[in-house]
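Trainee: Please read through the structure below; I'll follow up with questions.
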2 protein chains.
Amino acid sequence: MKKLINAPENVVREALAGMAAAHPDLLRVYVDPDYITRADAPVQGKVALVSGGGSGHEPLHGGFVGKGMLDAACPGAIFTSPVPDQMLAAARAVHGDAGILFIVKNYTGDVMNFELAAELATAEGIPVASVVTNDDVAVRDSLYTAGRRGVGVTVLVEKIAGAAAEAGADLATCQRIAEKVNTQGRSMGMALTSCTVPHVGRPTFDLPDDQMEIGIGIHGEPGRTRQQLASAAAIAELLARPILEDLPFRRGDQVLAFVNGMGGTPLIELYVMYHELSKILAGEGITISRSLVGNYITSLEMAGCSFTLLRLDDELTRLWDAPVLTPALRWGM
Amino acid sequence: MKKLINAPENVVREALAGMAAAHPDLLRVYVDPDYITRADAPVQGKVALVSGGGSGHEPLHGGFVGKGMLDAACPGAIFTSPVPDQMLAAARAVHGDAGILFIVKNYTGDVMNFELAAELATAEGIPVASVVTNDDVAVRDSLYTAGRRGVGVTVLVEKIAGAAAEAGADLATCQRIAEKVNTQGRSMGMALTSCTVPHVGRPTFDLPDDQMEIGIGIHGEPGRTRQQLASAAAIAELLARPILEDLPFRRGDQVLAFVNGMGGTPLIELYVMYHELSKILAGEGITISRSLVGNYITSLEMAGCSFTLLRLDDELTRLWDAPVLTPALRWGM
């Protein structure tokens, strides 16, 4: 195992300390229970967005804490759900008397723990609403999930609902917008290589040199098929077609096209994949009006990528364009 | 070779097409000769910054084209210098009648080709000044370079001199500021793994499972030592000490601390390394007043990282903070 770490059991805490040191203007990091808040939390009168999940998907979620996006993030151990104590402490810390929106990726542990935290917070008089993302069209049920997994669309929910909250929308409105993003978004991913969880010390799965996994999950869960390596053009078809057919996206749609790297794939390849996706969409009469290309929801050093398409309307476009100031996504301020 | 590509010989062109498709608001991409300009080039009355180099280091340089940073970038084949025709065409396209600043990493081919392009442009009546970055303290001469290599500080030169140009500084001032950044900056890198150039199809070098290369170059050139894997803390010492001693940085200095990923290392590890670097600097009485953490000057999918420290003064800090709007670095607009 070749990693830039000290003891495997300290990776998450040390990375949190690094985030605190690198972004004192944006973030506050708390330990035991572990959570990250924006530096100016709580923002009085603003709905607070709280997300979280296993670590190893950076910059998700901690890198999206800041103005115009998340108020707090709760990092679990690598590929392991955070616990309700973290979410409850985060909710208390960021509650600005306008309620809390939990943004939860659909994995069994995350859903269960966020539900328990919501009950505990509600019992304390903190209003909580939740949205569960489930945009992955690859498989219906998986190793860790009943129903579809929540993947790339989570980044877009955090940005777009975060902009709504920043603009003063109430809790019900933030929840409605978050659910609209999830409803209008679809994703699918693939891997060329596995990744190694530090405290495990060996690759999560074996993938022969001539094979790839199509429809993989962000924890390395099996996808739809394992098949021979193929060209970027062929891989783009394998990812884009199930996405397009599922919503379905239609001629004339305006979309946000998000090509995400799994962590170990260089940017030059992600742009090759974006080119292939843009050609497929042009062929279907679908217009890309916004884009995002880079490593935003990763699986440690896994090589591979995912596509996410979000059907845009005026409301979502305006909220996407709104200023944001986080470690990993920033513009307009 | 596991890569998200079509034919190896088309990777650069297809990635350029992907950049053009993803960022039509920011960039224009030209082919044969290949170069990228900001969408609103030429900006009349503004000094234009032009950089370039071998591809495979993305987002450097094309990802830094836009308002407040580069006016144009010239991508060569992977790990291969661009040719003078590209630089000349780029200079013509972005010349706003205030002259051109070439920003050149110190590699023999790049230096030679930018020099020739400068002569050709000057002969056409386009004033050109140049700055050559040579911040890598690891080795004095290398496989491809007489003198020190230009690495991480190049990103900072492009941002800071770009801000000066955007604010209306003249060519001599932009050159002075670029040279100051290079003079006040030092870098060193390391690798855990090699990378594979697509048209070669096999790793650039072999690195046993228990070894790492300290002081490596961004094309995989040998560094100072090849040694046993070590902890993040030990690696941080191996990179930071030569940097600190070289300038030298002194107690009371304010610095920009830049922890850069080589392409295949996940962000969580870069933050672990940032934490180690921050502890070393605190111990030396050096204050980190600005930071940058992420994959900004890469070597395809190489795993590893580099440290760059830049001694800041008020002028450099103000220019670093100025708004920038490029695919890979954006804030304030």
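A note on labels: chains of the structure tokens are A, B, ... as shown, every chain counts residues from 1, and ligands are counted from 1 in their shown order.
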Against chain A, which residues of chain B fall within 8 Å? For each one I want the closest pair of atoms and the distance in Å (one decimal), counting only C-alpha atoms, rows by chain and increasing residue number, as JSON lines.

Mentor:
```
{"residue": "B:Met1", "atom": "CA", "partner": "A:Asp209", "partner_atom": "CA", "distance": 7.7}
{"residue": "B:Lys2", "atom": "CA", "partner": "A:Leu192", "partner_atom": "CA", "distance": 6.3}
{"residue": "B:Lys3", "atom": "CA", "partner": "A:Glu269", "partner_atom": "CA", "distance": 7.3}
{"residue": "B:Leu4", "atom": "CA", "partner": "A:Ala232", "partner_atom": "CA", "distance": 5.0}
{"residue": "B:Ile5", "atom": "CA", "partner": "A:Ala232", "partner_atom": "CA", "distance": 4.7}
{"residue": "B:Asn6", "atom": "CA", "partner": "A:Ser231", "partner_atom": "CA", "distance": 4.8}
{"residue": "B:Ala7", "atom": "CA", "partner": "A:Ser231", "partner_atom": "CA", "distance": 8.0}
{"residue": "B:Val11", "atom": "CA", "partner": "A:Val272", "partner_atom": "CA", "distance": 6.9}
{"residue": "B:Val12", "atom": "CA", "partner": "A:Ile268", "partner_atom": "CA", "distance": 7.5}
{"residue": "B:Glu14", "atom": "CA", "partner": "A:Val272", "partner_atom": "CA", "distance": 5.4}
{"residue": "B:Ala15", "atom": "CA", "partner": "A:Val272", "partner_atom": "CA", "distance": 4.5}
{"residue": "B:Leu16", "atom": "CA", "partner": "A:Tyr271", "partner_atom": "CA", "distance": 7.4}
{"residue": "B:Ala17", "atom": "CA", "partner": "A:His275", "partner_atom": "CA", "distance": 6.1}
{"residue": "B:Gly18", "atom": "CA", "partner": "A:His275", "partner_atom": "CA", "distance": 4.1}
{"residue": "B:Met19", "atom": "CA", "partner": "A:Tyr271", "partner_atom": "CA", "distance": 6.1}
{"residue": "B:Ala21", "atom": "CA", "partner": "A:His275", "partner_atom": "CA", "distance": 6.8}
{"residue": "B:Ala22", "atom": "CA", "partner": "A:Ser291", "partner_atom": "CA", "distance": 5.8}
{"residue": "B:His23", "atom": "CA", "partner": "A:Ser291", "partner_atom": "CA", "distance": 7.6}
{"residue": "B:Gly56", "atom": "CA", "partner": "A:Ile268", "partner_atom": "CA", "distance": 6.8}
{"residue": "B:Glu58", "atom": "CA", "partner": "A:Leu267", "partner_atom": "CA", "distance": 6.0}
{"residue": "B:Pro59", "atom": "CA", "partner": "A:Leu267", "partner_atom": "CA", "distance": 6.9}
{"residue": "B:Leu192", "atom": "CA", "partner": "A:Lys2", "partner_atom": "CA", "distance": 6.3}
{"residue": "B:Asp209", "atom": "CA", "partner": "A:Lys2", "partner_atom": "CA", "distance": 7.4}
{"residue": "B:Asp210", "atom": "CA", "partner": "A:Lys2", "partner_atom": "CA", "distance": 7.8}
{"residue": "B:Leu229", "atom": "CA", "partner": "A:Lys2", "partner_atom": "CA", "distance": 7.7}
{"residue": "B:Ser231", "atom": "CA", "partner": "A:Asn6", "partner_atom": "CA", "distance": 4.8}
{"residue": "B:Ala232", "atom": "CA", "partner": "A:Ile5", "partner_atom": "CA", "distance": 4.7}
{"residue": "B:Ala233", "atom": "CA", "partner": "A:Asn6", "partner_atom": "CA", "distance": 6.8}
{"residue": "B:Gly263", "atom": "CA", "partner": "A:Pro266", "partner_atom": "CA", "distance": 5.6}
{"residue": "B:Gly264", "atom": "CA", "partner": "A:Gly264", "partner_atom": "CA", "distance": 4.2}
{"residue": "B:Thr265", "atom": "CA", "partner": "A:Glu301", "partner_atom": "CA", "distance": 6.0}
{"residue": "B:Pro266", "atom": "CA", "partner": "A:Leu300", "partner_atom": "CA", "distance": 5.3}
{"residue": "B:Leu267", "atom": "CA", "partner": "A:Glu58", "partner_atom": "CA", "distance": 6.0}
{"residue": "B:Ile268", "atom": "CA", "partner": "A:Ala15", "partner_atom": "CA", "distance": 5.7}
{"residue": "B:Glu269", "atom": "CA", "partner": "A:Leu4", "partner_atom": "CA", "distance": 5.5}
{"residue": "B:Leu270", "atom": "CA", "partner": "A:Leu4", "partner_atom": "CA", "distance": 7.6}
{"residue": "B:Tyr271", "atom": "CA", "partner": "A:Gly18", "partner_atom": "CA", "distance": 4.7}
{"residue": "B:Val272", "atom": "CA", "partner": "A:Ala15", "partner_atom": "CA", "distance": 4.4}
{"residue": "B:Met273", "atom": "CA", "partner": "A:Leu4", "partner_atom": "CA", "distance": 7.0}
{"residue": "B:Tyr274", "atom": "CA", "partner": "A:Gly18", "partner_atom": "CA", "distance": 5.3}
{"residue": "B:His275", "atom": "CA", "partner": "A:Gly18", "partner_atom": "CA", "distance": 4.0}
{"residue": "B:Glu276", "atom": "CA", "partner": "A:Gly18", "partner_atom": "CA", "distance": 7.8}
{"residue": "B:Ser278", "atom": "CA", "partner": "A:Ala21", "partner_atom": "CA", "distance": 7.0}
{"residue": "B:Arg290", "atom": "CA", "partner": "A:Ala22", "partner_atom": "CA", "distance": 7.9}
{"residue": "B:Ser291", "atom": "CA", "partner": "A:Ala22", "partner_atom": "CA", "distance": 5.8}
{"residue": "B:Leu292", "atom": "CA", "partner": "A:Ala22", "partner_atom": "CA", "distance": 7.5}
{"residue": "B:Val293", "atom": "CA", "partner": "A:Ala22", "partner_atom": "CA", "distance": 7.6}
{"residue": "B:Leu300", "atom": "CA", "partner": "A:Pro266", "partner_atom": "CA", "distance": 5.3}
{"residue": "B:Glu301", "atom": "CA", "partner": "A:Pro266", "partner_atom": "CA", "distance": 5.4}
{"residue": "B:Gly304", "atom": "CA", "partner": "A:Leu4", "partner_atom": "CA", "distance": 7.5}
{"residue": "B:Leu325", "atom": "CA", "partner": "A:Trp331", "partner_atom": "CA", "distance": 7.8}
{"residue": "B:Arg330", "atom": "CA", "partner": "A:Trp331", "partner_atom": "CA", "distance": 5.8}
{"residue": "B:Trp331", "atom": "CA", "partner": "A:Trp331", "partner_atom": "CA", "distance": 4.6}
{"residue": "B:Gly332", "atom": "CA", "partner": "A:Met333", "partner_atom": "CA", "distance": 4.0}
{"residue": "B:Met333", "atom": "CA", "partner": "A:Gly332", "partner_atom": "CA", "distance": 4.0}
```

Trainee: According to DSSP computed on the backbone, where in segment 276-324 of chain A is there alpha helix (DSSP H)? Give the residues as a list in words.

Mentor: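 Put together, the selection reads Glu276, Leu277, Ser278, Lys279, Ile280, Leu281, Ala282, Gly283, Asp314, Glu315, Leu316, Thr317, Arg318, Leu319, Trp320 and Asp321 of chain A.
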
Trainee: Take the residues that were just selected and, keeping all heavy atoms, output them as a short mmCIF file (atom, residue, chain, number, x, y, z; two decimals), in the first residue's frame.

Mentor:
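Just written: out25.cif:
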```cif
data_model
loop_
_atom_site.label_atom_id
_atom_site.label_comp_id
_atom_site.auth_asym_id
_atom_site.auth_seq_id
_atom_site.Cartn_x
_atom_site.Cartn_y
_atom_site.Cartn_z
N GLU A 276 -16.50 13.23 -25.41
CA GLU A 276 -17.38 12.15 -25.89
C GLU A 276 -18.82 12.37 -25.44
O GLU A 276 -19.76 12.19 -26.22
CB GLU A 276 -16.87 10.79 -25.38
CG GLU A 276 -15.50 10.39 -25.92
CD GLU A 276 -15.46 10.29 -27.45
OE1 GLU A 276 -16.51 10.08 -28.07
OE2 GLU A 276 -14.35 10.43 -28.02
N LEU A 277 -18.99 12.77 -24.19
CA LEU A 277 -20.34 13.02 -23.68
C LEU A 277 -21.00 14.16 -24.46
O LEU A 277 -22.19 14.08 -24.81
CB LEU A 277 -20.28 13.35 -22.19
CG LEU A 277 -21.61 13.75 -21.53
CD1 LEU A 277 -22.65 12.65 -21.63
CD2 LEU A 277 -21.37 14.14 -20.06
N SER A 278 -20.22 15.21 -24.74
CA SER A 278 -20.81 16.36 -25.44
C SER A 278 -21.28 15.96 -26.84
O SER A 278 -22.31 16.46 -27.33
CB SER A 278 -19.83 17.53 -25.49
OG SER A 278 -18.75 17.26 -26.36
N LYS A 279 -20.55 15.04 -27.48
CA LYS A 279 -20.98 14.59 -28.81
C LYS A 279 -22.27 13.77 -28.72
O LYS A 279 -23.17 13.91 -29.57
CB LYS A 279 -19.87 13.76 -29.47
CG LYS A 279 -18.68 14.59 -29.93
CD LYS A 279 -17.72 13.79 -30.79
CE LYS A 279 -16.99 12.72 -30.00
NZ LYS A 279 -16.00 11.98 -30.81
N ILE A 280 -22.37 12.92 -27.71
CA ILE A 280 -23.59 12.11 -27.55
C ILE A 280 -24.80 13.02 -27.31
O ILE A 280 -25.86 12.84 -27.92
CB ILE A 280 -23.41 11.11 -26.38
CG1 ILE A 280 -22.36 10.06 -26.73
CG2 ILE A 280 -24.75 10.47 -26.01
CD1 ILE A 280 -21.94 9.19 -25.56
N LEU A 281 -24.61 14.02 -26.45
CA LEU A 281 -25.74 14.90 -26.14
C LEU A 281 -26.13 15.73 -27.35
O LEU A 281 -27.33 15.93 -27.62
CB LEU A 281 -25.39 15.79 -24.94
CG LEU A 281 -25.17 15.05 -23.62
CD1 LEU A 281 -24.81 16.03 -22.51
CD2 LEU A 281 -26.38 14.22 -23.23
N ALA A 282 -25.13 16.20 -28.10
CA ALA A 282 -25.44 16.96 -29.31
C ALA A 282 -26.26 16.11 -30.27
O ALA A 282 -27.22 16.58 -30.88
CB ALA A 282 -24.16 17.46 -29.97
N GLY A 283 -25.89 14.85 -30.38
CA GLY A 283 -26.61 13.93 -31.26
C GLY A 283 -28.06 13.70 -30.84
O GLY A 283 -28.91 13.36 -31.66
N ASP A 314 -35.04 27.36 -15.18
CA ASP A 314 -34.52 28.69 -14.82
C ASP A 314 -34.14 28.76 -13.35
O ASP A 314 -33.11 29.35 -12.99
CB ASP A 314 -35.56 29.78 -15.14
CG ASP A 314 -35.71 30.00 -16.64
OD1 ASP A 314 -34.84 29.50 -17.40
OD2 ASP A 314 -36.67 30.66 -17.06
N GLU A 315 -34.97 28.16 -12.49
CA GLU A 315 -34.70 28.24 -11.06
C GLU A 315 -33.37 27.54 -10.72
O GLU A 315 -32.52 28.09 -10.01
CB GLU A 315 -35.84 27.57 -10.28
CG GLU A 315 -35.64 27.57 -8.78
CD GLU A 315 -36.79 26.90 -8.03
OE1 GLU A 315 -37.11 25.73 -8.36
OE2 GLU A 315 -37.36 27.55 -7.14
N LEU A 316 -33.19 26.33 -11.24
CA LEU A 316 -31.96 25.59 -10.92
C LEU A 316 -30.73 26.26 -11.53
O LEU A 316 -29.67 26.30 -10.91
CB LEU A 316 -32.06 24.14 -11.40
CG LEU A 316 -33.20 23.30 -10.80
CD1 LEU A 316 -33.07 21.83 -11.24
CD2 LEU A 316 -33.24 23.40 -9.28
N THR A 317 -30.87 26.80 -12.72
CA THR A 317 -29.74 27.47 -13.37
C THR A 317 -29.30 28.69 -12.57
O THR A 317 -28.10 28.91 -12.34
CB THR A 317 -30.12 27.89 -14.80
OG1 THR A 317 -30.55 26.73 -15.52
CG2 THR A 317 -28.93 28.51 -15.53
N ARG A 318 -30.28 29.48 -12.14
CA ARG A 318 -29.97 30.69 -11.38
C ARG A 318 -29.28 30.33 -10.06
O ARG A 318 -28.30 30.96 -9.65
CB ARG A 318 -31.28 31.44 -11.12
CG ARG A 318 -31.17 32.70 -10.30
CD ARG A 318 -32.53 33.41 -10.19
NE ARG A 318 -33.64 32.54 -9.79
CZ ARG A 318 -33.85 32.11 -8.53
NH1 ARG A 318 -33.05 32.47 -7.55
NH2 ARG A 318 -34.88 31.31 -8.27
N LEU A 319 -29.73 29.27 -9.41
CA LEU A 319 -29.13 28.87 -8.13
C LEU A 319 -27.74 28.25 -8.34
O LEU A 319 -26.84 28.44 -7.53
CB LEU A 319 -30.06 27.91 -7.39
CG LEU A 319 -31.37 28.54 -6.91
CD1 LEU A 319 -32.36 27.47 -6.46
CD2 LEU A 319 -31.11 29.53 -5.77
N TRP A 320 -27.57 27.51 -9.43
CA TRP A 320 -26.24 26.99 -9.75
C TRP A 320 -25.24 28.12 -9.95
O TRP A 320 -24.10 28.07 -9.50
CB TRP A 320 -26.28 26.11 -11.01
CG TRP A 320 -24.92 25.64 -11.43
CD1 TRP A 320 -24.17 26.12 -12.46
CD2 TRP A 320 -24.13 24.63 -10.80
NE1 TRP A 320 -22.97 25.47 -12.52
CE2 TRP A 320 -22.91 24.55 -11.52
CE3 TRP A 320 -24.32 23.78 -9.72
CZ2 TRP A 320 -21.89 23.66 -11.17
CZ3 TRP A 320 -23.32 22.90 -9.36
CH2 TRP A 320 -22.12 22.85 -10.08
N ASP A 321 -25.68 29.19 -10.63
CA ASP A 321 -24.79 30.30 -10.95
C ASP A 321 -24.49 31.20 -9.75
O ASP A 321 -23.55 32.00 -9.80
CB ASP A 321 -25.41 31.17 -12.06
CG ASP A 321 -25.39 30.49 -13.42
OD1 ASP A 321 -24.65 29.50 -13.58
OD2 ASP A 321 -26.11 30.95 -14.33
#
```

Trainee: What does the distance from atom CA of Val151 of chain A to atom CA of Gly223 of chain A come to in Å, to one decimal?

Mentor: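 Taking atom CA of Val151 of chain A as the start and atom CA of Gly223 of chain A as the end point, the length is 13.4 Å.
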
Trainee: Name all residues at most 8 Å from Gly53 of chain A (count only C-alpha atoms; drop same-chain ones fewer than 4 positions away) and give them as a PDB file with all heavy atoms, in the first residue's frame.

Mentor:
```
ATOM      1  N   HIS A  61     -17.594  15.551   1.680  1.00  0.00           N
ATOM      2  CA  HIS A  61     -18.505  16.674   1.788  1.00  0.00           C
ATOM      3  C   HIS A  61     -17.804  17.899   2.369  1.00  0.00           C
ATOM      4  O   HIS A  61     -18.256  19.015   2.158  1.00  0.00           O
ATOM      5  CB  HIS A  61     -19.690  16.317   2.706  1.00  0.00           C
ATOM      6  CG  HIS A  61     -20.529  15.193   2.203  1.00  0.00           C
ATOM      7  ND1 HIS A  61     -21.614  15.369   1.361  1.00  0.00           N
ATOM      8  CD2 HIS A  61     -20.448  13.867   2.400  1.00  0.00           C
ATOM      9  CE1 HIS A  61     -22.172  14.202   1.081  1.00  0.00           C
ATOM     10  NE2 HIS A  61     -21.480  13.272   1.689  1.00  0.00           N
ATOM     11  N   CYS A  74     -20.258  16.002   8.143  1.00  0.00           N
ATOM     12  CA  CYS A  74     -19.896  15.012   9.166  1.00  0.00           C
ATOM     13  C   CYS A  74     -19.150  13.867   8.498  1.00  0.00           C
ATOM     14  O   CYS A  74     -19.759  13.070   7.789  1.00  0.00           O
ATOM     15  CB  CYS A  74     -21.149  14.465   9.837  1.00  0.00           C
ATOM     16  SG  CYS A  74     -22.196  15.753  10.542  1.00  0.00           S
ATOM     17  N   PRO A  75     -17.842  13.796   8.684  1.00  0.00           N
ATOM     18  CA  PRO A  75     -17.066  12.732   8.049  1.00  0.00           C
ATOM     19  C   PRO A  75     -17.018  11.480   8.908  1.00  0.00           C
ATOM     20  O   PRO A  75     -16.650  11.524  10.083  1.00  0.00           O
ATOM     21  CB  PRO A  75     -15.671  13.353   7.950  1.00  0.00           C
ATOM     22  CG  PRO A  75     -15.592  14.304   9.106  1.00  0.00           C
ATOM     23  CD  PRO A  75     -16.991  14.753   9.417  1.00  0.00           C
ATOM     24  N   GLY A  76     -17.384  10.369   8.322  1.00  0.00           N
ATOM     25  CA  GLY A  76     -17.204   9.086   8.992  1.00  0.00           C
ATOM     26  C   GLY A  76     -15.799   8.564   8.754  1.00  0.00           C
ATOM     27  O   GLY A  76     -14.972   9.213   8.116  1.00  0.00           O
ATOM     28  N   PHE A  79     -15.145   5.199   4.014  1.00  0.00           N
ATOM     29  CA  PHE A  79     -16.217   4.359   3.457  1.00  0.00           C
ATOM     30  C   PHE A  79     -17.160   3.846   4.550  1.00  0.00           C
ATOM     31  O   PHE A  79     -17.794   2.788   4.376  1.00  0.00           O
ATOM     32  CB  PHE A  79     -15.649   3.188   2.639  1.00  0.00           C
ATOM     33  CG  PHE A  79     -14.926   3.598   1.376  1.00  0.00           C
ATOM     34  CD1 PHE A  79     -14.334   2.635   0.556  1.00  0.00           C
ATOM     35  CD2 PHE A  79     -14.831   4.920   0.982  1.00  0.00           C
ATOM     36  CE1 PHE A  79     -13.673   2.988  -0.623  1.00  0.00           C
ATOM     37  CE2 PHE A  79     -14.166   5.295  -0.184  1.00  0.00           C
ATOM     38  CZ  PHE A  79     -13.584   4.320  -0.988  1.00  0.00           C
ATOM     39  N   THR A  80     -17.289   4.576   5.644  1.00  0.00           N
ATOM     40  CA  THR A  80     -18.127   4.158   6.767  1.00  0.00           C
ATOM     41  C   THR A  80     -18.996   5.336   7.205  1.00  0.00           C
ATOM     42  O   THR A  80     -18.498   6.452   7.346  1.00  0.00           O
ATOM     43  CB  THR A  80     -17.233   3.716   7.947  1.00  0.00           C
ATOM     44  OG1 THR A  80     -16.383   2.659   7.500  1.00  0.00           O
ATOM     45  CG2 THR A  80     -18.064   3.239   9.123  1.00  0.00           C
ATOM     46  N   SER A  81     -20.263   5.089   7.435  1.00  0.00           N
ATOM     47  CA  SER A  81     -21.171   6.178   7.805  1.00  0.00           C
ATOM     48  C   SER A  81     -20.732   6.886   9.073  1.00  0.00           C
ATOM     49  O   SER A  81     -20.233   6.250   9.999  1.00  0.00           O
ATOM     50  CB  SER A  81     -22.577   5.612   8.037  1.00  0.00           C
ATOM     51  OG  SER A  81     -23.092   5.111   6.845  1.00  0.00           O
ATOM     52  N   PRO A  82     -20.942   8.186   9.115  1.00  0.00           N
ATOM     53  CA  PRO A  82     -20.781   8.889  10.392  1.00  0.00           C
ATOM     54  C   PRO A  82     -21.906   8.458  11.331  1.00  0.00           C
ATOM     55  O   PRO A  82     -22.870   7.821  10.905  1.00  0.00           O
ATOM     56  CB  PRO A  82     -20.916  10.365   9.991  1.00  0.00           C
ATOM     57  CG  PRO A  82     -21.676  10.363   8.705  1.00  0.00           C
ATOM     58  CD  PRO A  82     -21.384   9.060   8.027  1.00  0.00           C
ATOM     59  N   VAL A 104     -28.577  13.543   2.372  1.00  0.00           N
ATOM     60  CA  VAL A 104     -28.140  12.187   2.694  1.00  0.00           C
ATOM     61  C   VAL A 104     -28.027  11.370   1.418  1.00  0.00           C
ATOM     62  O   VAL A 104     -28.988  11.269   0.655  1.00  0.00           O
ATOM     63  CB  VAL A 104     -29.167  11.506   3.639  1.00  0.00           C
ATOM     64  CG1 VAL A 104     -28.651  10.157   4.111  1.00  0.00           C
ATOM     65  CG2 VAL A 104     -29.510  12.419   4.810  1.00  0.00           C
ATOM     66  N   LYS A 105     -26.884  10.776   1.193  1.00  0.00           N
ATOM     67  CA  LYS A 105     -26.744   9.853   0.068  1.00  0.00           C
ATOM     68  C   LYS A 105     -27.424   8.527   0.444  1.00  0.00           C
ATOM     69  O   LYS A 105     -27.302   8.067   1.584  1.00  0.00           O
ATOM     70  CB  LYS A 105     -25.266   9.597  -0.248  1.00  0.00           C
ATOM     71  CG  LYS A 105     -24.501  10.863  -0.622  1.00  0.00           C
ATOM     72  CD  LYS A 105     -23.111  10.589  -1.189  1.00  0.00           C
ATOM     73  CE  LYS A 105     -22.165   9.847  -0.271  1.00  0.00           C
ATOM     74  NZ  LYS A 105     -21.906  10.557   1.008  1.00  0.00           N
ATOM     75  N   ASP A 110     -25.979   5.539   6.271  1.00  0.00           N
ATOM     76  CA  ASP A 110     -26.173   6.993   6.277  1.00  0.00           C
ATOM     77  C   ASP A 110     -27.635   7.342   6.542  1.00  0.00           C
ATOM     78  O   ASP A 110     -27.954   8.218   7.353  1.00  0.00           O
ATOM     79  CB  ASP A 110     -25.766   7.611   4.927  1.00  0.00           C
ATOM     80  CG  ASP A 110     -24.252   7.610   4.708  1.00  0.00           C
ATOM     81  OD1 ASP A 110     -23.519   7.147   5.595  1.00  0.00           O
ATOM     82  OD2 ASP A 110     -23.815   8.074   3.647  1.00  0.00           O
TER      83      ASP A 110
END
```

Trainee: In Å, how far is it from atom CA of Arg224 of chain A to atom CA of Asp246 of chain A?

Mentor: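 Taking atom CA of Arg224 of chain A and atom CA of Asp246 of chain A, their separation equals 14.9 Å.
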
Trainee: Between atom CA of Gln254 of chain B and atom CA of Asp313 of chain B, what is the distance, to one decimal in Å?

Mentor: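 Separation of atom CA of Gln254 of chain B and atom CA of Asp313 of chain B: 7.4 Å.
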
Trainee: Counting only C-alpha atoms, which of A:Gly168, A:Gly62, A:Gly147, A:Gly162 gets nearest to Ala98 of chain A?

Mentor: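 Checking each of A:Gly168, A:Gly62, A:Gly147, A:Gly162 against Ala98 of chain A, counting only C-alpha atoms, the winner is A:Gly168.
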
Trainee: A:Cys195, A:Phe249, A:Ala39, A:Glu9: which is nearest Thr183 of chain A, counting only C-alpha atoms?

Mentor: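 Under the stated criterion, the closest residue is A:Phe249.
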